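I have placed the structure first, in the form of structure tokens, so that the comments after it can refer back to it.
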Amino acid sequence: MYRKFFQLDDYPFRLTADTRYFFMGESHARAIAYLNYLLHTGDGIGVMTGEAGVGKSVVLEQVLAECKADVVVARVRQSQLTSNEFFLALCRQFDLQPKDYHKATLIDTLYRFVNKQHFAGRRVLLVIDEAHLLQHQVLEEIRMLASLEKFGRKLINVILTGAPELEQLLNAQRKDALSQQVRLSCRLEPLGEKELDHYLEYRMWIAGGERTVLFPEDTLPLIMRYTGGIPRLINVLCDMVLVAAFMRNTRYIDSDCIRAAVKKLDWPAYEKRLAIPVGQPQPAQLTRGMAPRIVVMRKERVVAEYRLEKDRVLIGRHSEQDIMLCGAWASRYHAQIIHLNGNYYLQDLNSKNGTYVGSELVSWHPLADGDRFQIAGFVLEYRTHKIVQKTEQLAGVPDSSELTV
């Protein structure tokens with residue numbers, strides 16, 4: 001939308017975990033050092049916590065990208081799993097084919113696999129996202145896996161990431177068996193104002209706009225006021241700031257552009273967000289308890305339903321996307337839905353054939369109940385109320401024949 005106007009090579013404030021744009025704040029550098037040390041020693045469990053949007057995924061991607069070839073990685077992104085489903089997910093991550101799905105068979109298959117890797121001189125790393133949402137039984141299974149040893153060497157290294165609540169689950173003062181296996185723990189902190197300045201400068205440099213776009217020093221306190229230094233919020237706000245400047249036909253970013261972006265996003269100051277009591281929604285906003293959904297339709301027929309239970313839901317034709325739309329018109333990474341402080345936003349990921357709300361081509365759109373958007377021949381509807389229309393398959397599990405164009 002504004003790339004040509006600002007002479008940019010790329011959109012500088014994408015929300016994807018692109019390692020090209022990785023900026024190391026002080027706490028991010030410390031977390032990377034801790035996790036690399038854990039992988040070097042191959043001993044115990046590593047824990048990384050932080051508020052939503054502070055950069056846990058980007059840090060993980062950076063650490064995993066630097067892993068040596070002798071490290072075999074399994075990454076579990078689903079946290080709402082039973083112990084049986086957890087072991088099955090691990091088997092699938094390692095491309096294992098158990099004889100059946102009984103728990104004993106799954107554990108035996110995994111144990112044989114990690115032993116084989118051990119004698120081949122390879123290390124096994126298990127990374128679990130959103131670990132603060134794991135069931136207690138699954139945490140016990142992780143403790144069991146982390147305790148497996150052979151000749152004084154751990155067979156599986158574990159990294160747990162999640163919200164600060166995870167720190168309470170693994171508090172050393174609890175003196176339980178799992179907490180005692182935590183070797184390193186670190187928390188990612190929001191960026192300070194000086195770090196924010198370097199962060200914006202770095203992202204603009206990567207996108208090719210170091211000479212065409214400048215965020216003056218006097219705009220930084222205002223950006224901090226509405227983002228709290230959270231990188232994801234900074235990206236959302238600054239992307240809208242560039243849109244506001246483009247709409248005003250100016251390349252000069254000033255406080256008026258910041259205020260226009262804040263008004264468009266309808267954001268309160270960050271401190272006011274923190275002051276809102278749990279369970280009390282903001283005006284015209286949603287809470288997670290209302291469990292909004294995306295209903296996928298083709299020719300006015302419902303073919304799948306998805307609960308929005310994550311802060312970021314990817315849509316595209318790739319099999320690993322949260323909502324997969326198989327069709328030539330869908331891009332591999334077509335669009336995403338972002339949850340920010342109770343609101344949900346639709347963002348096009350620079351797709352080849354675009355994302356439409358009605359007849360309008362959109363790059364960013366705040367979602368309201370009943371909104372419909374079109375992607376690759378499918379109609380997706382955002383609903384916040386309970387869905388009464390039944391589908392022909394389990395909710396959240398699409399019928400592959402219906403999702404193919």
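Chain labels A, B, ... are given in the sequence in which chains occur in the structure tokens; within each chain residues are numbered consecutively from 1, and ligands are likewise numbered from 1 in the order shown.
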- Task: Write out as a PyMOL selection string all residues of range 4-187 of chain A that backbone DSSP assigns to strand (DSSP E or B).
- Result: chain A and resi 45-49+71-76+123-128+149-150+153-154+156-162+182-187
Find the spatial neighbours of Val58 in chain A, counting only C-alpha atoms, within a cut-off of 7 Å - ignore same-chain residues fewer than 2 positions away - and output them as a JSON list (two decimals) with N, CA, C and O atoms, in the first residue's frame.
```json
[["chain", "number", "residue", "atom", "x", "y", "z"],
["A", 17, "ALA", "N", 7.39, -13.90, 12.37],
["A", 17, "ALA", "CA", 8.67, -14.05, 13.07],
["A", 17, "ALA", "C", 9.80, -14.20, 12.05],
["A", 17, "ALA", "O", 10.42, -15.25, 11.92],
["A", 19, "THR", "N", 13.39, -13.76, 10.86],
["A", 19, "THR", "CA", 14.68, -13.56, 11.53],
["A", 19, "THR", "C", 15.49, -12.42, 10.92],
["A", 19, "THR", "O", 16.42, -11.91, 11.56],
["A", 22, "PHE", "N", 15.06, -9.52, 13.16],
["A", 22, "PHE", "CA", 15.27, -9.74, 14.59],
["A", 22, "PHE", "C", 16.17, -8.66, 15.19],
["A", 22, "PHE", "O", 17.30, -8.44, 14.75],
["A", 55, "GLY", "N", 8.24, -11.08, 21.99],
["A", 55, "GLY", "CA", 9.28, -11.60, 21.09],
["A", 55, "GLY", "C", 9.78, -13.00, 21.39],
["A", 55, "GLY", "O", 10.86, -13.38, 20.94],
["A", 56, "LYS", "N", 9.00, -13.80, 22.11],
["A", 56, "LYS", "CA", 9.43, -15.15, 22.46],
["A", 56, "LYS", "C", 9.64, -16.00, 21.21],
["A", 56, "LYS", "O", 10.63, -16.73, 21.08],
["A", 60, "LEU", "N", 13.15, -17.75, 19.84],
["A", 60, "LEU", "CA", 13.22, -19.19, 19.59],
["A", 60, "LEU", "C", 13.69, -19.48, 18.17],
["A", 60, "LEU", "O", 14.55, -20.35, 17.95],
["A", 61, "GLU", "N", 13.12, -18.77, 17.21],
["A", 61, "GLU", "CA", 13.51, -18.98, 15.81],
["A", 61, "GLU", "C", 15.00, -18.70, 15.63],
["A", 61, "GLU", "O", 15.69, -19.40, 14.89],
["A", 62, "GLN", "N", 15.49, -17.67, 16.32],
["A", 62, "GLN", "CA", 16.91, -17.32, 16.21],
["A", 62, "GLN", "C", 17.78, -18.43, 16.81],
["A", 62, "GLN", "O", 18.80, -18.82, 16.22]]
```
Run DSSP on the backbone of this structure and report the residues of range 199-331 of chain A it assigns to alpha helix (DSSP H), as a PyMOL selection string.
chain A and resi 199-206+220-227+231-247+255-265+270-275
Closest of A:Asn115, A:Gln321, A:Gln137, A:Ser179 to Leu155 in chain A, counting only C-alpha atoms, is A:Asn115
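Using only C-alpha atoms, the smallest distance between any of A:Trp205, A:Leu184, A:Phe87, A:Asp43 and Leu125 in chain A comes from A:Asp43.
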Next on the checklist: I want to know what sits within 9 Å of Thr219 in chain A, based on only C-alpha atoms, with residues of the same chain fewer than 2 positions away left out; could you give that as a VMD selection string?
Outcome noted: chain A and resid 215 to 217 221 to 224 253 to 255 258
Checklist line | Within 10 Å of Val313 in chain A using only C-alpha atoms, minus same-chain residues under 6 positions, as a ChimeraX atom specification | finding: /A:306-307,321-323,335-339,346
For the residues in that selection, give me all heavy atoms as an mmCIF file, in the first residue's frame.
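Result file again_4.cif:
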```cif
data_model
loop_
_atom_site.group_PDB
_atom_site.id
_atom_site.type_symbol
_atom_site.label_atom_id
_atom_site.label_comp_id
_atom_site.auth_asym_id
_atom_site.auth_seq_id
_atom_site.Cartn_x
_atom_site.Cartn_y
_atom_site.Cartn_z
ATOM 1 N N TYR A 306 -13.465 -22.771 13.137
ATOM 2 C CA TYR A 306 -12.219 -22.699 13.891
ATOM 3 C C TYR A 306 -12.394 -21.740 15.063
ATOM 4 O O TYR A 306 -12.826 -20.604 14.878
ATOM 5 C CB TYR A 306 -11.073 -22.191 13.016
ATOM 6 C CG TYR A 306 -10.727 -23.074 11.845
ATOM 7 C CD1 TYR A 306 -11.433 -22.954 10.638
ATOM 8 C CD2 TYR A 306 -9.706 -24.011 11.921
ATOM 9 C CE1 TYR A 306 -11.115 -23.757 9.551
ATOM 10 C CE2 TYR A 306 -9.383 -24.815 10.848
ATOM 11 C CZ TYR A 306 -10.087 -24.678 9.671
ATOM 12 O OH TYR A 306 -9.774 -25.477 8.593
ATOM 13 N N ARG A 307 -12.057 -22.181 16.241
ATOM 14 C CA ARG A 307 -12.032 -21.285 17.401
ATOM 15 C C ARG A 307 -10.765 -20.428 17.350
ATOM 16 O O ARG A 307 -9.687 -20.936 17.041
ATOM 17 C CB ARG A 307 -12.033 -22.088 18.705
ATOM 18 C CG ARG A 307 -13.346 -22.778 19.027
ATOM 19 C CD ARG A 307 -13.199 -23.522 20.354
ATOM 20 N NE ARG A 307 -14.427 -24.207 20.703
ATOM 21 C CZ ARG A 307 -15.418 -23.656 21.395
ATOM 22 N NH1 ARG A 307 -15.304 -22.400 21.804
ATOM 23 N NH2 ARG A 307 -16.507 -24.330 21.671
ATOM 24 N N GLN A 321 -0.562 -24.296 8.191
ATOM 25 C CA GLN A 321 -1.330 -23.118 8.588
ATOM 26 C C GLN A 321 -2.467 -23.516 9.521
ATOM 27 O O GLN A 321 -2.988 -24.627 9.473
ATOM 28 C CB GLN A 321 -1.895 -22.391 7.365
ATOM 29 C CG GLN A 321 -0.872 -22.038 6.312
ATOM 30 C CD GLN A 321 0.234 -21.141 6.830
ATOM 31 O OE1 GLN A 321 0.393 -20.963 8.013
ATOM 32 N NE2 GLN A 321 1.030 -20.592 5.937
ATOM 33 N N ASP A 322 -2.891 -22.581 10.364
ATOM 34 C CA ASP A 322 -3.984 -22.855 11.292
ATOM 35 C C ASP A 322 -5.302 -23.054 10.541
ATOM 36 O O ASP A 322 -6.126 -23.873 10.927
ATOM 37 C CB ASP A 322 -4.114 -21.706 12.292
ATOM 38 C CG ASP A 322 -2.833 -21.492 13.079
ATOM 39 O OD1 ASP A 322 -2.467 -22.392 13.853
ATOM 40 O OD2 ASP A 322 -2.194 -20.441 12.899
ATOM 41 N N ILE A 323 -5.499 -22.263 9.496
ATOM 42 C CA ILE A 323 -6.672 -22.428 8.610
ATOM 43 C C ILE A 323 -6.113 -22.651 7.212
ATOM 44 O O ILE A 323 -5.599 -21.730 6.584
ATOM 45 C CB ILE A 323 -7.594 -21.201 8.644
ATOM 46 C CG1 ILE A 323 -8.116 -20.961 10.067
ATOM 47 C CG2 ILE A 323 -8.751 -21.371 7.666
ATOM 48 C CD1 ILE A 323 -9.010 -19.746 10.200
ATOM 49 N N ALA A 335 -2.953 -14.728 4.710
ATOM 50 C CA ALA A 335 -3.438 -13.704 5.642
ATOM 51 C C ALA A 335 -3.287 -14.239 7.058
ATOM 52 O O ALA A 335 -2.948 -15.410 7.271
ATOM 53 C CB ALA A 335 -4.899 -13.350 5.342
ATOM 54 N N GLN A 336 -3.540 -13.368 8.032
ATOM 55 C CA GLN A 336 -3.522 -13.808 9.411
ATOM 56 C C GLN A 336 -4.527 -12.996 10.215
ATOM 57 O O GLN A 336 -4.929 -11.892 9.828
ATOM 58 C CB GLN A 336 -2.132 -13.658 10.018
ATOM 59 C CG GLN A 336 -1.603 -12.247 10.076
ATOM 60 C CD GLN A 336 -0.179 -12.182 10.598
ATOM 61 O OE1 GLN A 336 0.407 -13.191 10.954
ATOM 62 N NE2 GLN A 336 0.384 -10.985 10.669
ATOM 63 N N ILE A 337 -4.941 -13.578 11.346
ATOM 64 C CA ILE A 337 -5.828 -12.902 12.285
ATOM 65 C C ILE A 337 -5.046 -12.717 13.580
ATOM 66 O O ILE A 337 -4.493 -13.672 14.125
ATOM 67 C CB ILE A 337 -7.115 -13.705 12.524
ATOM 68 C CG1 ILE A 337 -7.919 -13.799 11.224
ATOM 69 C CG2 ILE A 337 -7.962 -13.064 13.616
ATOM 70 C CD1 ILE A 337 -9.108 -14.721 11.302
ATOM 71 N N ILE A 338 -4.978 -11.471 14.045
ATOM 72 C CA ILE A 338 -4.173 -11.113 15.206
ATOM 73 C C ILE A 338 -5.097 -10.697 16.351
ATOM 74 O O ILE A 338 -6.052 -9.935 16.148
ATOM 75 C CB ILE A 338 -3.211 -9.961 14.874
ATOM 76 C CG1 ILE A 338 -2.260 -10.375 13.743
ATOM 77 C CG2 ILE A 338 -2.428 -9.530 16.099
ATOM 78 C CD1 ILE A 338 -1.334 -11.494 14.117
ATOM 79 N N HIS A 339 -4.807 -11.198 17.551
ATOM 80 C CA HIS A 339 -5.555 -10.803 18.747
ATOM 81 C C HIS A 339 -4.736 -9.795 19.533
ATOM 82 O O HIS A 339 -3.599 -10.064 19.911
ATOM 83 C CB HIS A 339 -5.837 -12.034 19.614
ATOM 84 C CG HIS A 339 -6.468 -11.684 20.936
ATOM 85 N ND1 HIS A 339 -5.754 -11.637 22.110
ATOM 86 C CD2 HIS A 339 -7.739 -11.358 21.260
ATOM 87 C CE1 HIS A 339 -6.567 -11.297 23.090
ATOM 88 N NE2 HIS A 339 -7.767 -11.120 22.609
ATOM 89 N N LEU A 346 -7.770 -8.554 10.996
ATOM 90 C CA LEU A 346 -7.417 -9.326 9.810
ATOM 91 C C LEU A 346 -6.318 -8.576 9.066
ATOM 92 O O LEU A 346 -6.429 -7.384 8.822
ATOM 93 C CB LEU A 346 -8.648 -9.492 8.908
ATOM 94 C CG LEU A 346 -8.412 -10.084 7.514
ATOM 95 C CD1 LEU A 346 -7.986 -11.545 7.626
ATOM 96 C CD2 LEU A 346 -9.681 -9.944 6.669
#
```
Can you pull out every residue within 8 Å of Val158 in chain A, counting only C-alpha atoms, but drop anything in the same chain fewer than 3 positions away, and send it as a CSV table (one decimal) with all heavy atoms, in the first residue's frame?
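As a result, out25.csv now contains:
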```csv
chain,number,residue,atom,x,y,z
A,44,GLY,N,19.2,-30.4,31.8
A,44,GLY,CA,18.1,-29.7,32.4
A,44,GLY,C,17.1,-29.1,31.5
A,44,GLY,O,17.1,-29.2,30.3
A,45,ILE,N,16.1,-28.4,32.1
A,45,ILE,CA,15.0,-27.7,31.3
A,45,ILE,C,15.3,-26.2,31.3
A,45,ILE,O,15.7,-25.6,32.3
A,45,ILE,CB,13.7,-28.0,32.0
A,45,ILE,CG1,13.4,-29.5,32.0
A,45,ILE,CG2,12.6,-27.2,31.3
A,45,ILE,CD1,12.1,-29.9,32.7
A,46,GLY,N,15.1,-25.6,30.1
A,46,GLY,CA,15.2,-24.1,30.0
A,46,GLY,C,13.8,-23.5,29.9
A,46,GLY,O,12.9,-24.1,29.2
A,125,LEU,N,16.0,-32.2,20.9
A,125,LEU,CA,15.5,-31.0,21.6
A,125,LEU,C,14.0,-30.9,21.5
A,125,LEU,O,13.5,-31.0,20.3
A,125,LEU,CB,16.2,-29.8,21.0
A,125,LEU,CG,15.6,-28.4,21.5
A,125,LEU,CD1,15.9,-28.3,23.0
A,125,LEU,CD2,16.3,-27.3,20.7
A,126,LEU,N,13.3,-30.8,22.6
A,126,LEU,CA,11.9,-30.6,22.6
A,126,LEU,C,11.5,-29.2,23.0
A,126,LEU,O,11.9,-28.7,24.1
A,126,LEU,CB,11.2,-31.6,23.6
A,126,LEU,CG,9.7,-31.4,23.9
A,126,LEU,CD1,8.9,-31.5,22.6
A,126,LEU,CD2,9.3,-32.5,24.9
A,127,VAL,N,10.8,-28.5,22.1
A,127,VAL,CA,10.4,-27.1,22.4
A,127,VAL,C,8.9,-27.0,22.5
A,127,VAL,O,8.2,-27.5,21.6
A,127,VAL,CB,10.9,-26.1,21.3
A,127,VAL,CG1,10.5,-24.7,21.6
A,127,VAL,CG2,12.5,-26.2,21.1
A,128,ILE,N,8.4,-26.4,23.5
A,128,ILE,CA,7.0,-26.4,23.7
A,128,ILE,C,6.5,-24.9,23.9
A,128,ILE,O,7.0,-24.3,24.9
A,128,ILE,CB,6.5,-27.2,24.9
A,128,ILE,CG1,7.0,-28.7,24.7
A,128,ILE,CG2,5.0,-27.2,25.2
A,128,ILE,CD1,6.7,-29.6,25.9
A,146,ALA,N,12.3,-35.3,30.4
A,146,ALA,CA,13.5,-34.6,30.7
A,146,ALA,C,14.5,-35.3,31.6
A,146,ALA,O,15.7,-35.0,31.7
A,146,ALA,CB,13.2,-33.2,31.3
```
May I have the residues within 8 Å of Thr355 in chain A as JSON, numbers by chain, using only C-alpha atoms and disregarding those fewer than 3 positions away in the same chain? {"A": [334, 335, 348, 351, 361, 362, 363, 373, 374, 375]}
Store the residues of this selection in a file with N, CA, C and O atoms, as a PDB file, in the first residue's frame.
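Result went into again_25.pdb, see below:
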```pdb
ATOM      1  N   HIS A 334      -1.163 -16.450   3.235  1.00  0.00           N
ATOM      2  CA  HIS A 334      -2.090 -15.521   2.583  1.00  0.00           C
ATOM      3  C   HIS A 334      -2.505 -14.373   3.513  1.00  0.00           C
ATOM      4  O   HIS A 334      -2.424 -13.199   3.154  1.00  0.00           O
ATOM      5  N   ALA A 335      -2.953 -14.728   4.710  1.00  0.00           N
ATOM      6  CA  ALA A 335      -3.438 -13.704   5.642  1.00  0.00           C
ATOM      7  C   ALA A 335      -3.287 -14.239   7.058  1.00  0.00           C
ATOM      8  O   ALA A 335      -2.948 -15.410   7.271  1.00  0.00           O
ATOM      9  N   ASP A 348      -3.733  -8.930   5.609  1.00  0.00           N
ATOM     10  CA  ASP A 348      -3.240  -9.622   4.422  1.00  0.00           C
ATOM     11  C   ASP A 348      -1.718  -9.666   4.471  1.00  0.00           C
ATOM     12  O   ASP A 348      -1.073  -8.683   4.844  1.00  0.00           O
ATOM     13  N   SER A 351      -0.386 -11.115  -0.089  1.00  0.00           N
ATOM     14  CA  SER A 351      -0.748 -12.275  -0.905  1.00  0.00           C
ATOM     15  C   SER A 351      -0.841 -11.904  -2.386  1.00  0.00           C
ATOM     16  O   SER A 351      -0.993 -10.736  -2.742  1.00  0.00           O
ATOM     17  N   LEU A 361     -10.502  -4.440  -1.356  1.00  0.00           N
ATOM     18  CA  LEU A 361      -9.229  -5.101  -1.110  1.00  0.00           C
ATOM     19  C   LEU A 361      -8.612  -4.484   0.138  1.00  0.00           C
ATOM     20  O   LEU A 361      -8.451  -3.272   0.233  1.00  0.00           O
ATOM     21  N   VAL A 362      -8.271  -5.315   1.143  1.00  0.00           N
ATOM     22  CA  VAL A 362      -7.785  -4.784   2.413  1.00  0.00           C
ATOM     23  C   VAL A 362      -6.399  -5.345   2.721  1.00  0.00           C
ATOM     24  O   VAL A 362      -6.040  -6.444   2.297  1.00  0.00           O
ATOM     25  N   SER A 363      -5.628  -4.554   3.470  1.00  0.00           N
ATOM     26  CA  SER A 363      -4.366  -5.046   4.007  1.00  0.00           C
ATOM     27  C   SER A 363      -4.466  -5.201   5.523  1.00  0.00           C
ATOM     28  O   SER A 363      -3.769  -6.014   6.121  1.00  0.00           O
ATOM     29  N   PHE A 373     -15.051 -12.028   4.913  1.00  0.00           N
ATOM     30  CA  PHE A 373     -13.961 -11.692   4.001  1.00  0.00           C
ATOM     31  C   PHE A 373     -13.707 -12.871   3.080  1.00  0.00           C
ATOM     32  O   PHE A 373     -13.992 -14.022   3.415  1.00  0.00           O
ATOM     33  N   GLN A 374     -13.217 -12.547   1.882  1.00  0.00           N
ATOM     34  CA  GLN A 374     -13.057 -13.545   0.831  1.00  0.00           C
ATOM     35  C   GLN A 374     -11.576 -13.812   0.563  1.00  0.00           C
ATOM     36  O   GLN A 374     -10.788 -12.885   0.393  1.00  0.00           O
ATOM     37  N   ILE A 375     -11.259 -15.098   0.520  1.00  0.00           N
ATOM     38  CA  ILE A 375      -9.905 -15.541   0.192  1.00  0.00           C
ATOM     39  C   ILE A 375     -10.001 -16.753  -0.733  1.00  0.00           C
ATOM     40  O   ILE A 375     -10.605 -17.762  -0.365  1.00  0.00           O
TER      41      ILE A 375
END
```
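For range 90-100 of chain A, the non-local neighbours within 7 Å, defined as residues at least 5 positions apart in the same chain or in other chains and counting only C-alpha atoms, are Ala74, Thr105, Leu106, Thr109 and Leu110 of chain A.
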Got time to write the residues from that selection, N, CA, C and O atoms, as a PDB file, in the first residue's frame?
```
ATOM      1  N   ALA A  74      11.969 -31.080  17.868  1.00  0.00           N
ATOM      2  CA  ALA A  74      10.511 -31.216  17.799  1.00  0.00           C
ATOM      3  C   ALA A  74       9.908 -29.999  18.487  1.00  0.00           C
ATOM      4  O   ALA A  74      10.294 -29.674  19.619  1.00  0.00           O
ATOM      5  N   THR A 105       2.562 -47.717  23.778  1.00  0.00           N
ATOM      6  CA  THR A 105       3.211 -47.871  22.472  1.00  0.00           C
ATOM      7  C   THR A 105       3.890 -46.581  22.053  1.00  0.00           C
ATOM      8  O   THR A 105       5.019 -46.595  21.528  1.00  0.00           O
ATOM      9  N   LEU A 106       3.219 -45.447  22.267  1.00  0.00           N
ATOM     10  CA  LEU A 106       3.798 -44.158  21.892  1.00  0.00           C
ATOM     11  C   LEU A 106       5.072 -43.873  22.680  1.00  0.00           C
ATOM     12  O   LEU A 106       6.075 -43.422  22.116  1.00  0.00           O
ATOM     13  N   THR A 109       7.879 -46.119  21.450  1.00  0.00           N
ATOM     14  CA  THR A 109       8.370 -45.656  20.148  1.00  0.00           C
ATOM     15  C   THR A 109       9.307 -44.465  20.316  1.00  0.00           C
ATOM     16  O   THR A 109      10.375 -44.395  19.686  1.00  0.00           O
ATOM     17  N   LEU A 110       8.916 -43.526  21.185  1.00  0.00           N
ATOM     18  CA  LEU A 110       9.766 -42.357  21.443  1.00  0.00           C
ATOM     19  C   LEU A 110      11.081 -42.756  22.105  1.00  0.00           C
ATOM     20  O   LEU A 110      12.151 -42.253  21.740  1.00  0.00           O
TER      21      LEU A 110
END
```
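Picture a line from CA of Tyr101 in chain A to CA of Ser83 in chain A; it runs 11.6 Å.
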